[in-house]
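As stored in entry_31.pdb (PDB, C-alpha atoms):
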```pdb
ATOM      1  CA  MET A   1     -82.631  78.576 -34.811
ATOM      2  CA  THR A   2     -81.199  80.037 -31.672
ATOM      3  CA  VAL A   3     -82.526  79.321 -28.208
ATOM      4  CA  ALA A   4     -82.526  82.306 -25.899
ATOM      5  CA  HIS A   5     -80.341  81.790 -22.846
ATOM      6  CA  ASP A   6     -82.378  81.954 -19.669
ATOM      7  CA  PRO A   7     -80.317  84.288 -17.454
ATOM      8  CA  THR A   8     -81.942  83.220 -14.171
ATOM      9  CA  PHE A   9     -79.155  80.976 -12.897
ATOM     10  CA  TRP A  10     -76.440  83.252 -14.264
ATOM     11  CA  LEU A  11     -77.865  86.216 -12.354
ATOM     12  CA  LEU A  12     -78.370  84.020  -9.293
ATOM     13  CA  ALA A  13     -74.760  82.797  -9.484
ATOM     14  CA  ARG A  14     -73.420  86.364  -9.569
ATOM     15  CA  ALA A  15     -75.735  87.665  -6.856
ATOM     16  CA  SER A  16     -75.095  84.725  -4.517
ATOM     17  CA  GLY A  17     -71.326  84.968  -5.043
ATOM     18  CA  LEU A  18     -71.326  88.654  -4.116
ATOM     19  CA  GLY A  19     -73.740  87.960  -1.270
ATOM     20  CA  ALA A  20     -71.589  85.136   0.107
ATOM     21  CA  TYR A  21     -68.563  87.455   0.069
ATOM     22  CA  ALA A  22     -70.458  90.248   1.836
ATOM     23  CA  VAL A  23     -71.802  87.879   4.511
ATOM     24  CA  LEU A  24     -68.353  86.267   4.943
ATOM     25  CA  THR A  25     -66.956  89.766   5.531
ATOM     26  CA  LEU A  26     -69.598  90.514   8.159
ATOM     27  CA  SER A  27     -68.874  87.187   9.873
ATOM     28  CA  VAL A  28     -65.131  87.947   9.924
ATOM     29  CA  LEU A  29     -65.871  91.391  11.398
ATOM     30  CA  ALA A  30     -68.132  89.848  14.062
ATOM     31  CA  GLY A  31     -65.344  87.391  14.920
ATOM     32  CA  LEU A  32     -62.825  90.213  15.244
ATOM     33  CA  VAL A  33     -65.237  92.224  17.421
ATOM     34  CA  LEU A  34     -65.630  89.132  19.618
ATOM     35  CA  LYS A  35     -61.867  88.838  19.921
ATOM     36  CA  SER A  36     -61.061  92.502  20.545
ATOM     37  CA  ARG A  37     -64.261  93.506  22.391
ATOM     38  CA  PRO A  38     -64.029  97.163  21.293
ATOM     39  CA  PHE A  39     -67.654  97.772  22.353
ATOM     40  CA  PRO A  40     -67.983  96.796  26.040
ATOM     41  CA  GLY A  41     -71.772  97.183  25.920
ATOM     42  CA  LEU A  42     -72.178  94.313  23.454
ATOM     43  CA  LYS A  43     -72.885  90.918  24.987
ATOM     44  CA  ALA A  44     -70.335  88.307  23.918
ATOM     45  CA  ALA A  45     -73.043  85.648  23.578
ATOM     46  CA  ARG A  46     -74.939  87.818  21.069
ATOM     47  CA  ILE A  47     -71.823  88.470  18.978
ATOM     48  CA  THR A  48     -70.962  84.761  19.029
ATOM     49  CA  GLU A  49     -74.469  83.896  17.867
ATOM     50  CA  LEU A  50     -74.257  86.539  15.126
ATOM     51  CA  HIS A  51     -70.784  85.349  14.086
ATOM     52  CA  ARG A  52     -71.964  81.736  13.818
ATOM     53  CA  THR A  53     -75.204  82.610  12.015
ATOM     54  CA  LEU A  54     -73.384  84.804   9.500
ATOM     55  CA  ALA A  55     -70.834  82.045   8.810
ATOM     56  CA  LEU A  56     -73.607  79.528   8.168
ATOM     57  CA  GLY A  57     -75.500  82.061   6.038
ATOM     58  CA  GLY A  58     -72.358  82.728   4.027
ATOM     59  CA  LEU A  59     -71.886  78.995   3.441
ATOM     60  CA  GLY A  60     -75.529  78.741   2.341
ATOM     61  CA  LEU A  61     -75.032  81.528  -0.198
ATOM     62  CA  LEU A  62     -71.793  79.859  -1.303
ATOM     63  CA  ALA A  63     -73.698  76.615  -1.940
ATOM     64  CA  LEU A  64     -76.266  78.571  -3.959
ATOM     65  CA  HIS A  65     -73.388  80.191  -5.901
ATOM     66  CA  GLY A  66     -71.984  76.769  -6.791
ATOM     67  CA  VAL A  67     -75.302  75.130  -7.691
ATOM     68  CA  SER A  68     -76.302  78.116  -9.857
ATOM     69  CA  LEU A  69     -73.004  77.935 -11.751
ATOM     70  CA  VAL A  70     -73.566  74.243 -12.463
ATOM     71  CA  LEU A  71     -77.146  74.834 -13.624
ATOM     72  CA  ASP A  72     -76.204  77.787 -15.845
ATOM     73  CA  SER A  73     -74.508  77.279 -19.188
ATOM     74  CA  THR A  74     -72.559  80.556 -19.503
ATOM     75  CA  VAL A  75     -69.479  79.033 -17.894
ATOM     76  CA  LYS A  76     -69.069  75.270 -17.995
ATOM     77  CA  VAL A  77     -68.860  74.141 -14.368
ATOM     78  CA  THR A  78     -69.392  70.518 -13.345
ATOM     79  CA  PRO A  79     -70.351  69.435  -9.811
ATOM     80  CA  THR A  80     -66.847  67.946  -9.411
ATOM     81  CA  ALA A  81     -65.286  71.281 -10.409
ATOM     82  CA  LEU A  82     -67.031  72.909  -7.456
ATOM     83  CA  LEU A  83     -64.972  70.723  -5.128
ATOM     84  CA  VAL A  84     -61.690  70.219  -7.002
ATOM     85  CA  PRO A  85     -59.611  73.309  -7.869
ATOM     86  CA  GLY A  86     -58.411  73.719 -11.451
ATOM     87  CA  LEU A  87     -61.183  72.015 -13.414
ATOM     88  CA  VAL A  88     -62.808  75.169 -14.818
ATOM     89  CA  ALA A  89     -61.356  76.561 -18.058
ATOM     90  CA  TYR A  90     -62.567  80.127 -17.410
ATOM     91  CA  ARG A  91     -59.863  82.117 -15.557
ATOM     92  CA  PRO A  92     -58.620  78.896 -13.928
ATOM     93  CA  ALA A  93     -56.361  80.401 -11.258
ATOM     94  CA  ALA A  94     -58.967  82.863 -10.017
ATOM     95  CA  VAL A  95     -61.713  80.211 -10.002
ATOM     96  CA  ALA A  96     -59.390  77.759  -8.203
ATOM     97  CA  ALA A  97     -58.796  80.444  -5.569
ATOM     98  CA  GLY A  98     -62.554  80.515  -5.061
ATOM     99  CA  VAL A  99     -62.761  76.727  -4.688
ATOM    100  CA  VAL A 100     -59.954  76.680  -2.110
ATOM    101  CA  ALA A 101     -61.558  79.614  -0.261
ATOM    102  CA  GLY A 102     -64.829  77.675  -0.171
ATOM    103  CA  TRP A 103     -63.151  74.635   1.336
ATOM    104  CA  LEU A 104     -61.395  76.716   3.972
ATOM    105  CA  PHE A 105     -64.666  78.514   4.781
ATOM    106  CA  ALA A 106     -66.363  75.144   5.312
ATOM    107  CA  VAL A 107     -63.495  73.760   7.427
ATOM    108  CA  VAL A 108     -63.264  76.823   9.693
ATOM    109  CA  THR A 109     -67.040  76.918  10.168
ATOM    110  CA  ALA A 110     -67.278  73.171  10.831
ATOM    111  CA  SER A 111     -64.490  73.412  13.408
ATOM    112  CA  PHE A 112     -66.895  75.196  15.742
ATOM    113  CA  TRP A 113     -69.005  72.062  16.098
ATOM    114  CA  LEU A 114     -65.927  69.834  16.263
ATOM    115  CA  ARG A 115     -64.152  71.906  18.906
ATOM    116  CA  ARG A 116     -64.617  69.419  21.716
ATOM    117  CA  ARG A 117     -63.138  66.650  19.593
ATOM    118  CA  ILE A 118     -60.241  68.671  18.139
ATOM    119  CA  GLY A 119     -59.475  70.829  21.192
ATOM    120  CA  HIS A 120     -59.285  74.575  21.668
ATOM    121  CA  ARG A 121     -55.718  74.940  20.342
ATOM    122  CA  LEU A 122     -56.408  73.285  16.990
ATOM    123  CA  TRP A 123     -59.689  75.184  16.740
ATOM    124  CA  ARG A 124     -57.742  78.436  17.247
ATOM    125  CA  ARG A 125     -55.127  77.451  14.645
ATOM    126  CA  LEU A 126     -57.828  76.572  12.137
ATOM    127  CA  HIS A 127     -59.406  79.981  12.718
ATOM    128  CA  TRP A 128     -56.183  81.672  11.509
ATOM    129  CA  LEU A 129     -57.038  80.200   8.084
ATOM    130  CA  THR A 130     -59.822  82.785   7.927
ATOM    131  CA  TYR A 131     -57.306  85.420   6.826
ATOM    132  CA  ALA A 132     -56.177  83.173   3.945
ATOM    133  CA  LEU A 133     -59.712  82.325   2.902
ATOM    134  CA  PHE A 134     -60.789  85.974   3.025
ATOM    135  CA  ALA A 135     -57.802  86.935   0.837
ATOM    136  CA  LEU A 136     -58.519  84.088  -1.611
ATOM    137  CA  ALA A 137     -62.218  85.000  -1.774
ATOM    138  CA  THR A 138     -61.267  88.625  -2.488
ATOM    139  CA  VAL A 139     -58.871  87.599  -5.282
ATOM    140  CA  HIS A 140     -61.505  85.222  -6.667
ATOM    141  CA  GLY A 141     -64.173  87.921  -6.769
ATOM    142  CA  LEU A 142     -61.931  90.611  -8.228
ATOM    143  CA  ALA A 143     -60.267  88.389 -10.838
ATOM    144  CA  SER A 144     -63.164  86.212 -11.974
ATOM    145  CA  GLY A 145     -66.281  88.133 -10.968
ATOM    146  CA  THR A 146     -68.355  89.375 -13.902
ATOM    147  CA  ASP A 147     -69.320  92.482 -11.954
ATOM    148  CA  ALA A 148     -65.855  93.227 -10.554
ATOM    149  CA  SER A 149     -65.381  96.233 -12.849
ATOM    150  CA  GLN A 150     -68.573  97.947 -11.695
ATOM    151  CA  PRO A 151     -68.104 100.975  -9.407
ATOM    152  CA  TRP A 152     -70.455  99.490  -6.788
ATOM    153  CA  ALA A 153     -68.410  96.271  -6.795
ATOM    154  CA  HIS A 154     -65.252  98.324  -6.242
ATOM    155  CA  ALA A 155     -66.993  99.878  -3.259
ATOM    156  CA  LEU A 156     -67.931  96.426  -1.935
ATOM    157  CA  TYR A 157     -64.404  95.011  -2.212
ATOM    158  CA  LEU A 158     -62.768  98.184  -0.920
ATOM    159  CA  GLY A 159     -65.199  98.364   1.987
ATOM    160  CA  ALA A 160     -64.717  94.683   2.839
ATOM    161  CA  VAL A 161     -60.910  94.711   2.691
ATOM    162  CA  GLY A 162     -60.704  98.105   4.427
ATOM    163  CA  SER A 163     -62.996  97.127   7.293
ATOM    164  CA  VAL A 164     -61.294  93.753   7.877
ATOM    165  CA  ALA A 165     -57.863  95.444   7.731
ATOM    166  CA  ALA A 166     -59.002  98.109  10.207
ATOM    167  CA  ALA A 167     -60.489  95.523  12.590
ATOM    168  CA  THR A 168     -57.306  93.439  12.341
ATOM    169  CA  ALA A 169     -55.168  96.516  13.052
ATOM    170  CA  TRP A 170     -57.336  97.190  16.109
ATOM    171  CA  ARG A 171     -56.807  93.600  17.247
ATOM    172  CA  VAL A 172     -53.040  93.891  16.880
ATOM    173  CA  LEU A 173     -52.472  97.440  18.113
ATOM    174  CA  VAL A 174     -54.997  97.894  20.913
ATOM    175  CA  PRO A 175     -54.223  95.768  23.957
ATOM    176  CA  PRO A 176     -57.123  93.579  25.070
ATOM    177  CA  ALA A 177     -59.277  95.396  27.602
ATOM    178  CA  ARG A 178     -59.388  92.405  29.888
ATOM    179  CA  ARG A 179     -59.335  94.530  32.983
ATOM    180  CA  ALA A 180     -62.798  95.644  31.970
ATOM    181  CA  ALA A 181     -63.936  92.113  32.659
ATOM    182  CA  ILE A 182     -62.869  92.432  36.269
ATOM    183  CA  LYS A 183     -65.347  93.795  38.718
ATOM    184  CA  GLY A 184     -64.731  94.965  42.220
ATOM    185  CA  GLU A 185     -61.929  96.849  43.865
ATOM    186  CA  THR A 186     -58.445  96.936  42.502
ATOM    187  CA  PRO A 187     -55.453  97.211  44.825
TER
ATOM    188  CA  MET B   1     -50.963  89.195  45.405
ATOM    189  CA  SER B   2     -54.394  89.391  43.886
ATOM    190  CA  THR B   3     -57.112  86.906  44.561
ATOM    191  CA  TYR B   4     -59.824  86.289  42.006
ATOM    192  CA  ARG B   5     -63.376  85.191  42.683
ATOM    193  CA  ILE B   6     -64.959  83.257  39.831
ATOM    194  CA  THR B   7     -68.608  83.232  38.832
ATOM    195  CA  ILE B   8     -69.901  81.174  35.905
ATOM    196  CA  ASP B   9     -73.273  81.831  34.311
ATOM    197  CA  ARG B  10     -74.070  78.235  33.449
ATOM    198  CA  GLY B  11     -77.169  79.346  31.581
ATOM    199  CA  LEU B  12     -74.901  81.162  29.132
ATOM    200  CA  CYS B  13     -72.114  78.538  29.024
ATOM    201  CA  SER B  14     -72.001  76.696  25.701
ATOM    202  CA  GLY B  15     -69.353  74.203  26.816
ATOM    203  CA  PHE B  16     -66.825  75.665  24.418
ATOM    204  CA  GLY B  17     -63.997  74.549  26.686
ATOM    205  CA  SER B  18     -61.525  77.395  26.152
ATOM    206  CA  CYS B  19     -61.514  78.131  29.915
ATOM    207  CA  VAL B  20     -60.462  74.540  30.679
ATOM    208  CA  GLU B  21     -57.587  74.718  28.188
ATOM    209  CA  LEU B  22     -56.342  78.096  29.414
ATOM    210  CA  SER B  23     -56.859  77.571  33.127
ATOM    211  CA  PRO B  24     -57.019  73.819  33.687
ATOM    212  CA  GLY B  25     -56.396  74.015  37.415
ATOM    213  CA  VAL B  26     -59.498  76.098  37.984
ATOM    214  CA  PHE B  27     -62.064  75.092  35.367
ATOM    215  CA  ARG B  28     -63.410  71.746  34.249
ATOM    216  CA  LEU B  29     -66.308  70.615  32.108
ATOM    217  CA  ASP B  30     -68.917  68.682  34.065
ATOM    218  CA  PRO B  31     -70.539  65.554  32.590
ATOM    219  CA  GLY B  32     -73.273  67.778  31.115
ATOM    220  CA  GLY B  33     -70.621  69.649  29.130
ATOM    221  CA  LYS B  34     -70.928  72.901  31.097
ATOM    222  CA  ALA B  35     -68.012  74.716  32.694
ATOM    223  CA  ALA B  36     -67.603  74.518  36.438
ATOM    224  CA  ALA B  37     -65.025  76.091  38.724
ATOM    225  CA  VAL B  38     -63.031  73.685  40.876
ATOM    226  CA  VAL B  39     -62.431  76.457  43.407
ATOM    227  CA  VAL B  40     -64.409  79.591  44.256
ATOM    228  CA  GLU B  41     -61.340  81.793  44.646
ATOM    229  CA  THR B  42     -57.832  81.516  43.282
ATOM    230  CA  ASP B  43     -54.694  83.602  42.916
ATOM    231  CA  ASP B  44     -53.993  82.027  39.516
ATOM    232  CA  PRO B  45     -54.075  84.909  36.982
ATOM    233  CA  SER B  46     -54.790  82.475  34.140
ATOM    234  CA  VAL B  47     -58.471  82.832  35.090
ATOM    235  CA  LEU B  48     -58.337  86.297  33.473
ATOM    236  CA  ASP B  49     -57.348  84.755  30.133
ATOM    237  CA  ALA B  50     -60.025  82.117  30.580
ATOM    238  CA  ALA B  51     -62.684  84.791  31.158
ATOM    239  CA  ASP B  52     -61.444  86.770  28.133
ATOM    240  CA  SER B  53     -61.548  83.735  25.897
ATOM    241  CA  CYS B  54     -65.100  82.689  26.750
ATOM    242  CA  PRO B  55     -67.124  83.210  23.556
ATOM    243  CA  MET B  56     -70.320  83.513  25.564
ATOM    244  CA  GLY B  57     -68.970  85.950  28.173
ATOM    245  CA  ALA B  58     -70.195  83.468  30.785
ATOM    246  CA  ILE B  59     -67.254  83.874  33.181
ATOM    247  CA  VAL B  60     -66.984  86.837  35.529
ATOM    248  CA  VAL B  61     -63.782  87.283  37.486
ATOM    249  CA  GLU B  62     -63.854  89.602  40.465
ATOM    250  CA  GLU B  63     -60.625  90.816  41.943
ATOM    251  CA  VAL B  64     -60.834  90.750  45.725
ATOM    252  CA  GLN B  65     -58.512  92.407  48.213
ATOM    253  CA  ALA B  66     -55.943  90.085  49.675
ATOM    254  CA  ALA B  67     -56.514  89.487  53.385
TER
END
```
Would you encode the structure as structure tokens?
Amino acid sequence: MTVAHDPTFWLLARASGLGAYAVLTLSVLAGLVLKSRPFPGLKAARITELHRTLALGGLGLLALHGVSLVLDSTVKVTPTALLVPGLVAYRPAAVAAGVVAGWLFAVVTASFWLRRRIGHRLWRRLHWLTYALFALATVHGLASGTDASQPWAHALYLGAVGSVAAATAWRVLVPPARRAAIKGETP
Amino acid sequence: MSTYRITIDRGLCSGFGSCVELSPGVFRLDPGGKAAAVVVETDDPSVLDAADSCPMGAIVVEEVQAA
């Protein structure tokens, strides 16, 4: 007798993984907009709030991704394997990249609330890890994602990498418009 | 030489502290954790970096004509 596999957690694991990646991308973009201020009309406080909310939302979806994988039986994932890279037999390198990306995501997000204890400089240095975690999350999704071969998934990954690359290029190439922050007469 | 007048919207300030690190001679965090300016006007251009770095956009720097 065969028991039909309930696909609920498997579908949830895939959807939450893709969702976490999409929300991470939006959070990264909000952070880059906050840094470069390409849209002077946008209030910094609103972008900061959006950036922080998206990061927390992304972590929430990431937690759902992990819990769903543990509860589903398609791929054997133990709770420990969610935290320690290299314990999943399925595409081990790509899954390990996801675990490391998850850790970095949590550390960078947590650093916001620890900034007074760790100082602005360390907080800034930790934020550079975002580029590594975004790259690892992209590799993880492309190399171990069940849906990675779908045309819509290609569009998601291409759109995410393209938009983050474009926003990073803007950050590097366009000098900060700090004079816009100055009011009053200039000599 | 330029002189800069500093205004802090303490309602917006989240006490992030980047202004204090970038312009320590001008900004400090008060016991309530909000940014305060030690002086009203300064010729220290680091206040521009401090204003840029504020994640809440709570610092306005006005450039005033030197007397």
Handout entry: Answer key for the PyMOL selection byres ((chain A and resi 145-151) around 10), residues as a PyMOL selection string
Key = chain A and resi 14-15+17-18+91+94-95+138-144+152-157
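Shortest separation to Ala51 in chain B among A:Arg121, A:Arg46, A:Lys35, A:His51 occurs at residue A:Lys35, atoms counted being all atoms listed in the file.
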Exercise for the section: Select all residues from chain B having any atom no more than 10 Å from an atom of chain A (counting all atoms listed in the file, ignoring ligands), output as a VMD selection string. Expected result: chain B and resid 1 to 2 4 to 5 12 to 22 33 48 to 49 51 to 66
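Pairwise distance (CA of Ile8 in chain B, CA of Arg117 in chain A) equals 22.9 Å.
Taking CA of Gly102 in chain A and CA of Leu122 in chain A as the two end points, the separation is 19.6 Å.
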Exercise for the section: Name every residue that the PyMOL selection byres ((chain A and resi 10) around 10) selects in this structure, writing the answer as an NGL selection string with chains first and numbers rising. Expected result: :A and (5-9 or 11-16 or 65 or 68-75)
Go through the shown structure with the PyMOL selection byres ((chain A and resi 97) around 9) and write out the matching residues as a PDB file with C-alpha atoms, in the coordinates of the input.
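Generated file (result_15.pdb):
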```pdb
ATOM      1  CA  PRO A  85     -59.611  73.309  -7.869  1.00  0.00           C
ATOM      2  CA  GLY A  86     -58.411  73.719 -11.451  1.00  0.00           C
ATOM      3  CA  PRO A  92     -58.620  78.896 -13.928  1.00  0.00           C
ATOM      4  CA  ALA A  93     -56.361  80.401 -11.258  1.00  0.00           C
ATOM      5  CA  ALA A  94     -58.967  82.863 -10.017  1.00  0.00           C
ATOM      6  CA  VAL A  95     -61.713  80.211 -10.002  1.00  0.00           C
ATOM      7  CA  ALA A  96     -59.390  77.759  -8.203  1.00  0.00           C
ATOM      8  CA  GLY A  98     -62.554  80.515  -5.061  1.00  0.00           C
ATOM      9  CA  VAL A  99     -62.761  76.727  -4.688  1.00  0.00           C
ATOM     10  CA  VAL A 100     -59.954  76.680  -2.110  1.00  0.00           C
ATOM     11  CA  ALA A 101     -61.558  79.614  -0.261  1.00  0.00           C
ATOM     12  CA  GLY A 102     -64.829  77.675  -0.171  1.00  0.00           C
ATOM     13  CA  LEU A 133     -59.712  82.325   2.902  1.00  0.00           C
ATOM     14  CA  LEU A 136     -58.519  84.088  -1.611  1.00  0.00           C
ATOM     15  CA  ALA A 137     -62.218  85.000  -1.774  1.00  0.00           C
ATOM     16  CA  VAL A 139     -58.871  87.599  -5.282  1.00  0.00           C
ATOM     17  CA  HIS A 140     -61.505  85.222  -6.667  1.00  0.00           C
TER      18      HIS A 140
END
```
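Residues with any atom within 9 Å of the point (-50.9, 84.6, 39.2), counting only C-alpha atoms, are Met1, Ser2, Thr3, Thr42, Asp43, Asp44, Pro45, Ser46 and Val47 of chain B.
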Can I get the selection written as a compact mmCIF listing (two decimals), in the frame of the given file, with C-alpha atoms?
```
# COMPACT_ATOMS: atom_id res chain seq x y z
CA MET B 1 -50.96 89.20 45.40
CA SER B 2 -54.39 89.39 43.89
CA THR B 3 -57.11 86.91 44.56
CA THR B 42 -57.83 81.52 43.28
CA ASP B 43 -54.69 83.60 42.92
CA ASP B 44 -53.99 82.03 39.52
CA PRO B 45 -54.08 84.91 36.98
CA SER B 46 -54.79 82.48 34.14
CA VAL B 47 -58.47 82.83 35.09
```
Practice task
Quote the spacing between CA of Thr109 in chain A and CA of Pro175 in chain A in Å to one decimal place.
Solution key: 26.6 Å
